file query-v9.txt (compact mmCIF, C-alpha atoms)
# COMPACT_ATOMS: atom_id res chain seq x y z
CA MET K 93 -22.62 -27.33 3.62
CA SER K 94 -23.01 -31.07 2.98
CA SER K 95 -25.21 -32.37 0.19
CA ASP K 96 -27.65 -33.92 2.72
CA ARG K 97 -28.21 -30.58 4.43
CA ARG K 98 -28.61 -28.86 1.08
CA ARG K 99 -31.30 -31.34 0.09
CA LEU K 100 -33.02 -30.87 3.46
CA LEU K 101 -32.96 -27.09 3.09
CA ARG K 102 -34.34 -27.26 -0.45
CA ALA K 103 -37.12 -29.58 0.74
CA ALA K 104 -38.04 -27.21 3.59
CA ARG K 105 -38.16 -24.22 1.24
CA PHE K 106 -40.23 -26.12 -1.28
CA ALA K 107 -42.68 -27.09 1.48
CA LEU K 108 -42.98 -23.44 2.55
CA HIS K 109 -43.60 -22.34 -1.05
CA LEU K 110 -46.20 -25.07 -1.50
CA ILE K 111 -48.00 -24.15 1.74
CA THR K 112 -48.03 -20.46 0.77
CA VAL K 113 -49.45 -21.10 -2.69
CA ALA K 114 -52.08 -23.48 -1.28
CA LEU K 115 -53.13 -20.95 1.38
CA VAL K 116 -53.40 -18.17 -1.21
CA VAL K 117 -55.60 -20.30 -3.45
CA VAL K 118 -57.81 -21.55 -0.60
CA THR K 119 -58.23 -18.14 1.06
CA THR K 120 -58.98 -16.47 -2.28
CA VAL K 121 -61.70 -19.02 -3.05
CA ARG K 122 -63.16 -18.64 0.44
CA ALA K 123 -63.04 -14.86 0.13
CA VAL K 124 -65.01 -14.98 -3.16
CA VAL K 125 -67.51 -17.43 -1.66
CA ASP K 126 -67.86 -15.15 1.35
CA GLY K 127 -68.84 -12.25 -0.90
CA ALA K 128 -65.64 -10.59 -2.01
CA GLU K 129 -65.51 -9.43 -5.63
CA VAL K 130 -63.72 -11.88 -7.88
CA LEU K 131 -61.46 -9.51 -9.81
CA PRO K 132 -60.00 -7.58 -6.83
CA ALA K 133 -59.51 -10.81 -4.89
CA ALA K 134 -57.80 -12.51 -7.83
CA LEU K 135 -55.59 -9.46 -8.52
CA ALA K 136 -54.61 -9.24 -4.84
CA ALA K 137 -53.79 -12.95 -4.72
CA GLY K 138 -51.77 -12.68 -7.95
CA GLY K 139 -49.88 -9.67 -6.66
CA PHE K 140 -49.10 -11.45 -3.41
CA LEU K 141 -47.79 -14.55 -5.21
CA ALA K 142 -45.79 -12.49 -7.73
CA TRP K 143 -44.09 -10.47 -4.96
CA TYR K 144 -43.52 -13.62 -2.96
CA GLY K 145 -41.96 -15.48 -5.91
CA ALA K 146 -39.71 -12.55 -6.87
CA GLY K 147 -38.38 -12.19 -3.34
CA ALA K 148 -37.89 -15.92 -2.85
CA ALA K 149 -35.78 -16.01 -6.02
CA PHE K 150 -33.78 -12.77 -5.81
CA ALA K 151 -34.00 -11.13 -2.35
CA HIS K 152 -30.96 -11.66 -0.12
CA GLY K 153 -29.46 -9.91 2.90
CA ARG K 154 -30.92 -6.49 3.71
CA ALA K 155 -33.08 -6.61 0.57
CA ALA K 156 -34.86 -9.69 1.95
CA SER K 157 -35.97 -7.71 5.02
CA TRP K 158 -37.54 -4.98 2.87
CA TRP K 159 -39.09 -7.64 0.65
CA LEU K 160 -40.82 -9.19 3.68
CA VAL K 161 -42.08 -5.76 4.79
CA GLY K 162 -43.54 -5.26 1.29
CA LEU K 163 -45.18 -8.68 1.42
CA GLY K 164 -46.72 -7.76 4.76
CA ALA K 165 -48.08 -4.51 3.27
CA ILE K 166 -49.72 -6.43 0.39
CA TRP K 167 -51.22 -8.85 2.91
CA THR K 168 -52.60 -5.95 4.97
CA ALA K 169 -54.31 -4.60 1.84
CA MET K 170 -55.76 -8.06 1.20
CA LEU K 171 -57.29 -8.05 4.69
CA ALA K 172 -59.33 -5.02 3.61
CA LEU K 173 -60.92 -7.21 0.91
CA SER K 174 -61.73 -10.21 3.12
CA PRO K 175 -60.97 -11.51 6.62
CA GLU K 176 -60.30 -14.92 5.04
CA PHE K 177 -56.83 -13.69 4.09
CA VAL K 178 -55.95 -13.82 7.81
CA TRP K 179 -54.65 -17.34 7.17
CA LEU K 180 -51.77 -15.91 5.13
CA SER K 181 -50.30 -14.63 8.39
CA PHE K 182 -48.76 -18.08 8.97
CA PRO K 183 -46.31 -18.06 6.00
CA LEU K 184 -45.45 -14.44 6.89
CA LEU K 185 -44.51 -15.48 10.42
CA LEU K 186 -42.59 -18.47 9.13
CA LEU K 187 -40.58 -16.14 6.90
CA ALA K 188 -40.05 -13.58 9.69
CA GLY K 189 -37.98 -15.90 11.84
CA HIS K 190 -35.75 -16.73 8.90
CA VAL K 191 -35.34 -13.35 7.24
CA LEU K 192 -35.27 -10.95 10.22
CA THR K 193 -33.22 -10.84 13.39
CA ALA K 194 -34.86 -12.09 16.59
CA ARG K 195 -35.78 -8.57 17.77
CA TRP K 196 -37.21 -7.41 14.45
CA SER K 197 -39.00 -10.71 13.84
CA ALA K 198 -40.77 -10.32 17.21
CA LEU K 199 -41.85 -6.77 16.28
CA PHE K 200 -43.01 -7.91 12.84
CA ALA K 201 -44.94 -10.81 14.41
CA ALA K 202 -46.69 -8.46 16.83
CA VAL K 203 -47.87 -6.25 13.97
CA VAL K 204 -49.04 -9.24 11.92
CA LEU K 205 -50.91 -10.80 14.83
CA ALA K 206 -52.56 -7.47 15.70
CA ALA K 207 -53.74 -7.09 12.10
CA ALA K 208 -55.02 -10.70 12.06
CA ILE K 209 -57.04 -10.08 15.25
CA VAL K 210 -58.43 -6.69 14.18
CA ALA K 211 -59.37 -7.71 10.59
CA PRO K 212 -62.62 -9.62 11.47
CA HIS K 213 -63.83 -6.68 13.57
CA LEU K 214 -63.29 -4.26 10.65
CA HIS K 215 -65.56 -6.43 8.50
CA GLY K 216 -68.34 -6.41 11.09
CA ILE K 217 -67.67 -9.88 12.36
CA GLU K 218 -68.09 -10.40 16.08
CA VAL K 219 -64.67 -11.15 17.59
CA THR K 220 -64.78 -14.36 19.61
CA PHE K 221 -62.21 -16.26 21.64
CA ALA K 222 -61.38 -18.33 18.58
CA HIS K 223 -60.54 -15.17 16.63
CA LEU K 224 -58.05 -14.27 19.37
CA ALA K 225 -56.64 -17.67 20.24
CA GLY K 226 -56.24 -18.90 16.67
CA PRO K 227 -53.81 -16.22 15.42
CA LEU K 228 -51.99 -16.04 18.75
CA LEU K 229 -51.41 -19.77 19.13
CA GLY K 230 -50.92 -20.54 15.45
CA GLY K 231 -48.82 -17.47 14.78
CA GLY K 232 -46.71 -18.01 17.86
CA PHE K 233 -46.13 -21.61 16.87
CA ALA K 234 -45.20 -20.59 13.31
CA LEU K 235 -42.75 -17.97 14.56
CA ALA K 236 -41.20 -20.40 17.05
CA VAL K 237 -40.77 -23.03 14.35
CA SER K 238 -39.19 -20.46 12.07
CA LEU K 239 -36.78 -19.20 14.72
CA GLY K 240 -35.88 -22.74 15.77
CA TYR K 241 -35.30 -23.83 12.20
CA ASP K 242 -33.13 -20.80 11.55
CA ALA K 243 -31.11 -21.49 14.72
CA LEU K 244 -30.61 -25.09 13.64
CA LEU K 245 -29.56 -23.93 10.20
CA ARG K 246 -27.01 -21.49 11.64
CA ASP K 247 -25.72 -24.19 13.97
CA ALA K 248 -25.35 -26.57 11.03
CA VAL K 249 -23.46 -23.95 9.02
CA GLU K 250 -21.15 -23.21 11.97
CA ARG K 251 -20.58 -26.94 12.46
CA GLU K 252 -19.72 -27.35 8.79
CA GLU K 253 -17.30 -24.41 9.02
CA LEU K 254 -15.73 -25.90 12.16
CA ILE K 255 -15.30 -29.27 10.48
CA ALA K 256 -13.78 -27.59 7.43
CA SER K 257 -11.43 -25.63 9.71
CA LEU K 258 -10.40 -28.82 11.52
CA LEU K 259 -9.77 -30.57 8.22
CA ARG K 260 -7.61 -27.66 7.06
CA ALA K 261 -5.72 -27.73 10.36
CA GLN K 262 -5.23 -31.48 10.01
CA GLN K 263 -3.91 -31.03 6.48
CA GLU K 264 -1.57 -28.26 7.60
CA MET K 265 -0.37 -30.47 10.47
CA ALA K 266 0.29 -33.33 8.05
CA GLU K 267 2.23 -30.97 5.78
CA LEU K 268 4.18 -29.68 8.78
CA GLN K 269 5.00 -33.24 9.85
CA ASP K 270 6.18 -34.03 6.33
CA GLU K 271 8.36 -30.92 6.35
CA LEU K 272 9.75 -31.86 9.77
CA ALA K 273 10.50 -35.38 8.54
CA ARG K 274 12.31 -33.94 5.50
CA THR K 275 14.27 -31.59 7.75
CA GLN K 276 15.23 -34.46 10.05
CA ARG K 277 16.32 -36.56 7.08
CA ASP K 278 18.40 -33.68 5.76
CA ALA K 279 19.93 -33.10 9.20
CA GLY K 280 20.69 -36.82 9.50
CA ALA K 281 22.33 -36.81 6.09
CA ALA K 282 24.39 -33.77 7.06
CA ARG K 283 25.51 -35.45 10.29
CA GLU K 284 26.45 -38.57 8.37
CA ARG K 285 28.47 -36.55 5.84
CA THR K 286 30.24 -34.81 8.72
CA ARG K 287 30.98 -38.14 10.39
CA LEU K 288 32.39 -39.60 7.21
CA ALA K 289 34.50 -36.52 6.55
CA ARG K 290 35.95 -36.60 10.05
CA ASP K 291 36.58 -40.35 9.99
CA LEU K 292 38.25 -40.15 6.59
CA HIS K 293 40.45 -37.30 7.76
CA ASP K 294 41.39 -38.90 11.07
CA THR K 295 42.19 -42.32 9.61
CA ILE K 296 42.57 -42.71 5.87
CA ALA K 297 44.03 -39.27 5.17
CA GLN K 298 46.49 -39.48 8.05
CA GLU K 299 47.66 -42.97 7.17
CA LEU K 300 48.01 -42.09 3.49
CA SER K 301 50.18 -39.16 4.57
CA SER K 302 52.35 -41.63 6.50
CA VAL K 303 52.53 -43.90 3.48
CA SER K 304 53.61 -40.94 1.37
CA LEU K 305 56.34 -39.96 3.85
CA LEU K 306 57.67 -43.52 3.99
CA ALA K 307 57.58 -43.90 0.22
CA ARG K 308 59.52 -40.66 -0.32
CA GLY K 309 62.28 -42.00 1.94
CA GLY K 310 63.11 -44.55 -0.79
CA ASP K 311 64.09 -47.18 1.80
CA ALA K 312 63.16 -50.70 0.66
CA ASP K 313 63.14 -51.84 4.29
CA ARG K 314 60.10 -49.61 4.79
CA MET K 315 57.97 -51.57 2.33
CA PRO K 316 56.44 -53.86 5.00
CA GLN K 317 55.41 -50.77 6.99
CA ILE K 318 53.92 -49.19 3.87
CA ASP K 319 52.00 -52.39 3.14
CA ALA K 320 50.76 -52.62 6.73
CA LEU K 321 49.54 -49.00 6.66
CA ALA K 322 47.81 -49.55 3.33
CA GLN K 323 46.10 -52.69 4.60
CA HIS K 324 45.01 -50.92 7.76
CA SER K 325 43.64 -48.01 5.75
CA LEU K 326 41.63 -50.40 3.59
CA THR K 327 40.21 -52.14 6.67
CA GLU K 328 39.39 -48.79 8.27
CA LEU K 329 37.66 -47.57 5.11
CA ARG K 330 35.45 -50.63 5.09
CA ARG K 331 34.58 -50.01 8.74
CA ILE K 332 33.70 -46.40 8.07
CA VAL K 333 31.42 -47.30 5.17
CA ALA K 334 29.68 -49.88 7.33
CA ALA K 335 29.48 -47.35 10.22
CA LEU K 336 31.05 -49.86 12.61
CA ALA K 337 33.43 -49.26 15.47
CA PRO K 338 37.09 -48.65 14.51
CA ALA K 339 39.17 -51.69 13.74
CA GLU K 340 41.54 -50.80 16.58
CA LEU K 341 38.74 -51.18 19.12
CA GLU K 342 37.49 -54.54 17.87
CA GLY K 343 37.87 -57.08 20.63
CA THR K 344 40.06 -54.83 22.79
CA ALA K 345 39.99 -51.87 25.14
CA LEU K 346 40.83 -48.30 24.27
CA ALA K 347 44.12 -48.57 26.14
CA GLY K 348 45.26 -51.41 23.91
CA ALA K 349 44.32 -49.48 20.79
CA LEU K 350 46.31 -46.45 22.02
CA GLN K 351 49.33 -48.67 22.71
CA ARG K 352 49.26 -50.00 19.13
CA LEU K 353 49.09 -46.47 17.76
CA LEU K 354 52.14 -45.51 19.82
CA ASP K 355 54.02 -48.67 18.79
CA ALA K 356 53.35 -47.86 15.12
CA LEU K 357 54.53 -44.27 15.64
CA ALA K 358 57.75 -45.43 17.32
CA ALA K 359 58.44 -47.99 14.61
CA ASP K 360 57.85 -45.50 11.79
CA THR K 361 59.66 -42.44 13.19
CA GLY K 362 61.93 -43.56 16.03
CA ILE K 363 60.08 -41.26 18.47
CA ARG K 364 60.03 -42.65 22.00
CA THR K 365 56.52 -43.21 23.34
CA GLU K 366 54.92 -43.68 26.74
CA LEU K 367 51.37 -44.70 27.68
CA ASP K 368 50.06 -44.00 31.16
CA VAL K 369 46.67 -45.58 31.94
CA ASP K 370 44.88 -45.70 35.30
CA GLU K 371 45.14 -49.03 37.09
CA ALA K 372 41.34 -49.24 36.80
CA PRO K 373 40.72 -47.62 33.42
CA PRO K 374 37.32 -45.91 33.06
CA ALA K 375 34.55 -47.95 31.45
CA LEU K 376 33.44 -45.91 28.46
CA PRO K 377 30.59 -46.19 25.96
CA THR K 378 31.63 -47.14 22.45
CA SER K 379 30.84 -43.66 21.16
CA VAL K 380 33.22 -42.10 23.69
CA GLU K 381 35.97 -44.64 22.94
CA VAL K 382 35.64 -43.96 19.22
CA THR K 383 35.85 -40.20 19.79
CA LEU K 384 38.94 -40.43 22.01
CA LEU K 385 40.63 -42.84 19.62
CA ARG K 386 40.02 -40.52 16.66
CA ILE K 387 41.43 -37.58 18.61
CA ALA K 388 44.51 -39.62 19.50
CA GLN K 389 44.99 -40.62 15.85
CA SER K 390 44.71 -37.03 14.68
CA ALA K 391 47.02 -35.68 17.40
CA LEU K 392 49.68 -38.38 16.79
CA ALA K 393 49.50 -37.74 13.05
CA ASN K 394 50.34 -34.09 13.76
CA VAL K 395 53.23 -35.21 15.98
CA ARG K 396 54.52 -37.44 13.19
CA GLN K 397 54.36 -34.71 10.52
CA HIS K 398 55.09 -31.44 12.30
CA SER K 399 56.57 -31.73 15.79
CA ALA K 400 60.13 -33.10 15.33
CA ALA K 401 59.59 -34.52 18.83
CA GLU K 402 61.77 -37.08 20.60
CA LEU K 403 59.17 -38.19 23.16
CA VAL K 404 55.38 -38.55 23.09
CA ARG K 405 53.42 -39.35 26.25
CA VAL K 406 49.73 -40.37 26.24
CA VAL K 407 47.65 -40.40 29.42
CA LEU K 408 44.20 -42.03 29.75
CA ALA K 409 42.54 -41.41 33.09
CA GLY K 410 39.25 -40.90 34.83
CA GLU K 411 38.59 -37.71 36.78
CA GLY K 412 35.28 -37.87 38.58
CA ASP K 413 32.55 -38.43 36.03
CA ARG K 414 34.77 -37.47 33.10
CA ALA K 415 37.32 -39.35 31.00
CA VAL K 416 40.54 -37.53 30.12
CA LEU K 417 42.87 -38.23 27.23
CA GLN K 418 46.08 -36.20 27.09
CA ILE K 419 48.76 -36.36 24.37
CA SER K 420 52.00 -34.46 25.09
CA ASP K 421 55.19 -34.15 23.05
CA ASP K 422 58.52 -32.34 23.52
CA GLY K 423 58.63 -31.05 19.94
CA ARG K 424 59.05 -27.61 18.48
CA GLY K 425 55.57 -26.42 19.51
CA PHE K 426 53.71 -23.50 17.94
CA ASP K 427 51.89 -20.27 18.68
CA THR K 428 48.30 -21.34 19.43
CA THR K 429 47.00 -17.78 18.99
CA ALA K 430 48.46 -17.53 15.53
CA LEU K 431 47.04 -20.95 14.67
CA GLU K 432 43.55 -19.93 15.70
CA VAL K 433 43.69 -16.66 13.77
CA ARG K 434 45.52 -17.64 10.59
CA THR K 435 44.49 -21.20 9.89
CA ARG K 436 41.40 -23.33 9.60
CA SER K 437 42.82 -26.73 10.56
CA TYR K 438 40.23 -29.35 9.68
CA GLY K 439 41.79 -31.78 12.16
CA LEU K 440 41.38 -29.29 14.99
CA ILE K 441 37.83 -28.46 13.94
CA ALA K 442 36.96 -32.17 13.71
CA MET K 443 38.36 -32.93 17.17
CA ARG K 444 36.41 -30.12 18.79
CA SER K 445 33.26 -31.04 16.89
CA ARG K 446 33.45 -34.67 18.00
CA LEU K 447 33.82 -33.68 21.64
CA ARG K 448 31.12 -31.03 21.45
CA GLU K 449 28.60 -33.62 20.28
CA LEU K 450 29.28 -35.62 23.47
CA GLY K 451 29.32 -32.59 25.76
CA GLY K 452 33.13 -32.63 26.03
CA GLU K 453 35.85 -30.05 25.46
CA LEU K 454 39.30 -29.81 23.91
CA ARG K 455 42.23 -27.74 25.14
CA ILE K 456 45.54 -27.25 23.33
CA ASP K 457 48.57 -25.84 25.17
CA SER K 458 51.69 -25.06 23.17
CA ALA K 459 54.39 -22.47 22.63
CA PRO K 460 57.35 -22.28 20.25
CA GLY K 461 60.14 -24.56 21.53
CA GLU K 462 58.09 -25.90 24.44
CA GLY K 463 56.22 -28.82 22.94
CA THR K 464 52.46 -29.37 22.66
CA THR K 465 49.79 -30.84 24.91
CA VAL K 466 46.36 -31.83 23.60
CA ARG K 467 43.83 -32.53 26.37
CA ALA K 468 40.37 -33.98 25.67
CA GLU K 469 37.73 -34.30 28.39
CA VAL K 470 34.34 -35.96 27.96
CA GLY K 471 31.66 -37.25 30.27
CA ARG K 472 31.41 -40.99 30.65
call {"tool": "encode", "arguments": {"input": "query-v9.txt", "output": "structure tokens"}}
result
Amino acid sequence: MSSDRRRLLRAARFALHLITVALVVVTTVRAVVDGAEVLPAALAAGGFLAWYGAGAAFAHGRAASWWLVGLGAIWTAMLALSPEFVWLSFPLLLLAGHVLTARWSALFAAVVLAAAIVAPHLHGIEVTFAHLAGPLLGGGFALAVSLGYDALLRDAVEREELIASLLRAQQEMAELQDELARTQRDAGAARERTRLARDLHDTIAQELSSVSLLARGGDADRMPQIDALAQHSLTELRRIVAALAPAELEGTALAGALQRLLDALAADTGIRTELDVDEAPPALPTSVEVTLLRIAQSALANVRQHSAAELVRVVLAGEGDRAVLQISDDGRGFDTTALEVRTRSYGLIAMRSRLRELGGELRIDSAPGEGTTVRAEVGR
């Protein structure tokens, strides 16, 4: 509960205590003036205030209900001393609406009002309309105020609990959003690491392997090719770090980049090459061109190192809403089942992963002595 409501509640309780004490003092004085004996009246008033103070300080829950019943019993005994104590019915009714449930407070109010109406008659006082209307109207008003105040208090407590619950939910939502942001950052970092690993494998690693093969040949005439590959690897590394498009694609179409790859392969190995591109080559997004180029680089690197092929043919075509890149060689081939079972080729994994991210697929057809065909399809 907020500090403002706490202060309001304390003020209301203090006002009730003050009214009760004032009524006890006034009614006791009037009772003595009206002829009641001083000592019994004073003792009754003291007992009423002592019981009232003890309950106000310590009675809670079910104990508060029994405390109010005891206070009503003391008040009933006081009515036997003087009808002036009828006025103490008002604080009793104010307490009833706060301490008891609605049903029990109504029953308690009926008993109190009946006692307040009957008390003058027991003391030989003629009961008039004022004796009836006063307790009924005043008591009913006191009970209504008490019940209304208690309803407002419960509503305030429920509102405070609702606000606290909403604040907790808001805090949990903020924590969840922070966790989601951290997860997204981690996922982004993982994707970036995967991209770098694939790019390094498909470009730098493959070209360094070519440099190594050329260097082992010990042919001085190969030095310009070694230098060209090294320079290209350096350029490609800078592109990868900057997350730019591949150097081969800068200012040219994919078909031109594929032709340069084939020319380099023919110059380095003597393998004959062919490039077959549709007359109207498919217009592809940069991401698709990069993926197909990387697949071609990886596949041609495998041809260079493992196939012992004499001819490599690359086809770039459009089939409906899909772009197709096919690399075929007439080399020694291999058992694709054995490859899938016994090896974990990173190049193969990288090619399939790249295509899967774009909704494409990779198919490899090969058999010992029958060459190899790598076919990549991706939507454009």
call {"tool": "atom_distance", "arguments": {"input": "query-v9.txt", "atom1": "CA of Ile217 (chain K)", "atom2": "CA of Arg122 (chain K)"}}
result
15.5 Å
call {"tool": "closest_residue", "arguments": {"input": "query-v9.txt", "among": "K:Leu180, K:Ala149, K:Val395, K:Leu272", "to": "Leu163 (chain K)", "atoms": "all atoms listed in the file"}}
result
K:Leu180
call {"tool": "closest_residue", "arguments": {"input": "query-v9.txt", "among": "K:Glu469, K:Glu449, K:Asp422, K:Asp355", "to": "Gly410 (chain K)", "atoms": "only C-alpha atoms"}}
result
K:Glu469
call {"tool": "residues_near_point", "arguments": {"input": "query-v9.txt", "point": "(56.3, -42.6, 17.2)", "cutoff": "12 Å", "atoms": "only C-alpha atoms", "output": "count of residues only"}}
result
36
call {"tool": "atom_distance", "arguments": {"input": "query-v9.txt", "atom1": "CA of Gly162 (chain K)", "atom2": "CA of Tyr144 (chain K)"}}
result
9.4 Å
call {"tool": "atom_distance", "arguments": {"input": "query-v9.txt", "atom1": "CA of Arg283 (chain K)", "atom2": "CA of Ile419 (chain K)"}}
result
27.2 Å
call {"tool": "closest_residue", "arguments": {"input": "query-v9.txt", "among": "K:Leu376, K:Ile387, K:Val116, K:Leu440", "to": "Ala468 (chain K)", "atoms": "only C-alpha atoms"}}
result
K:Ile387
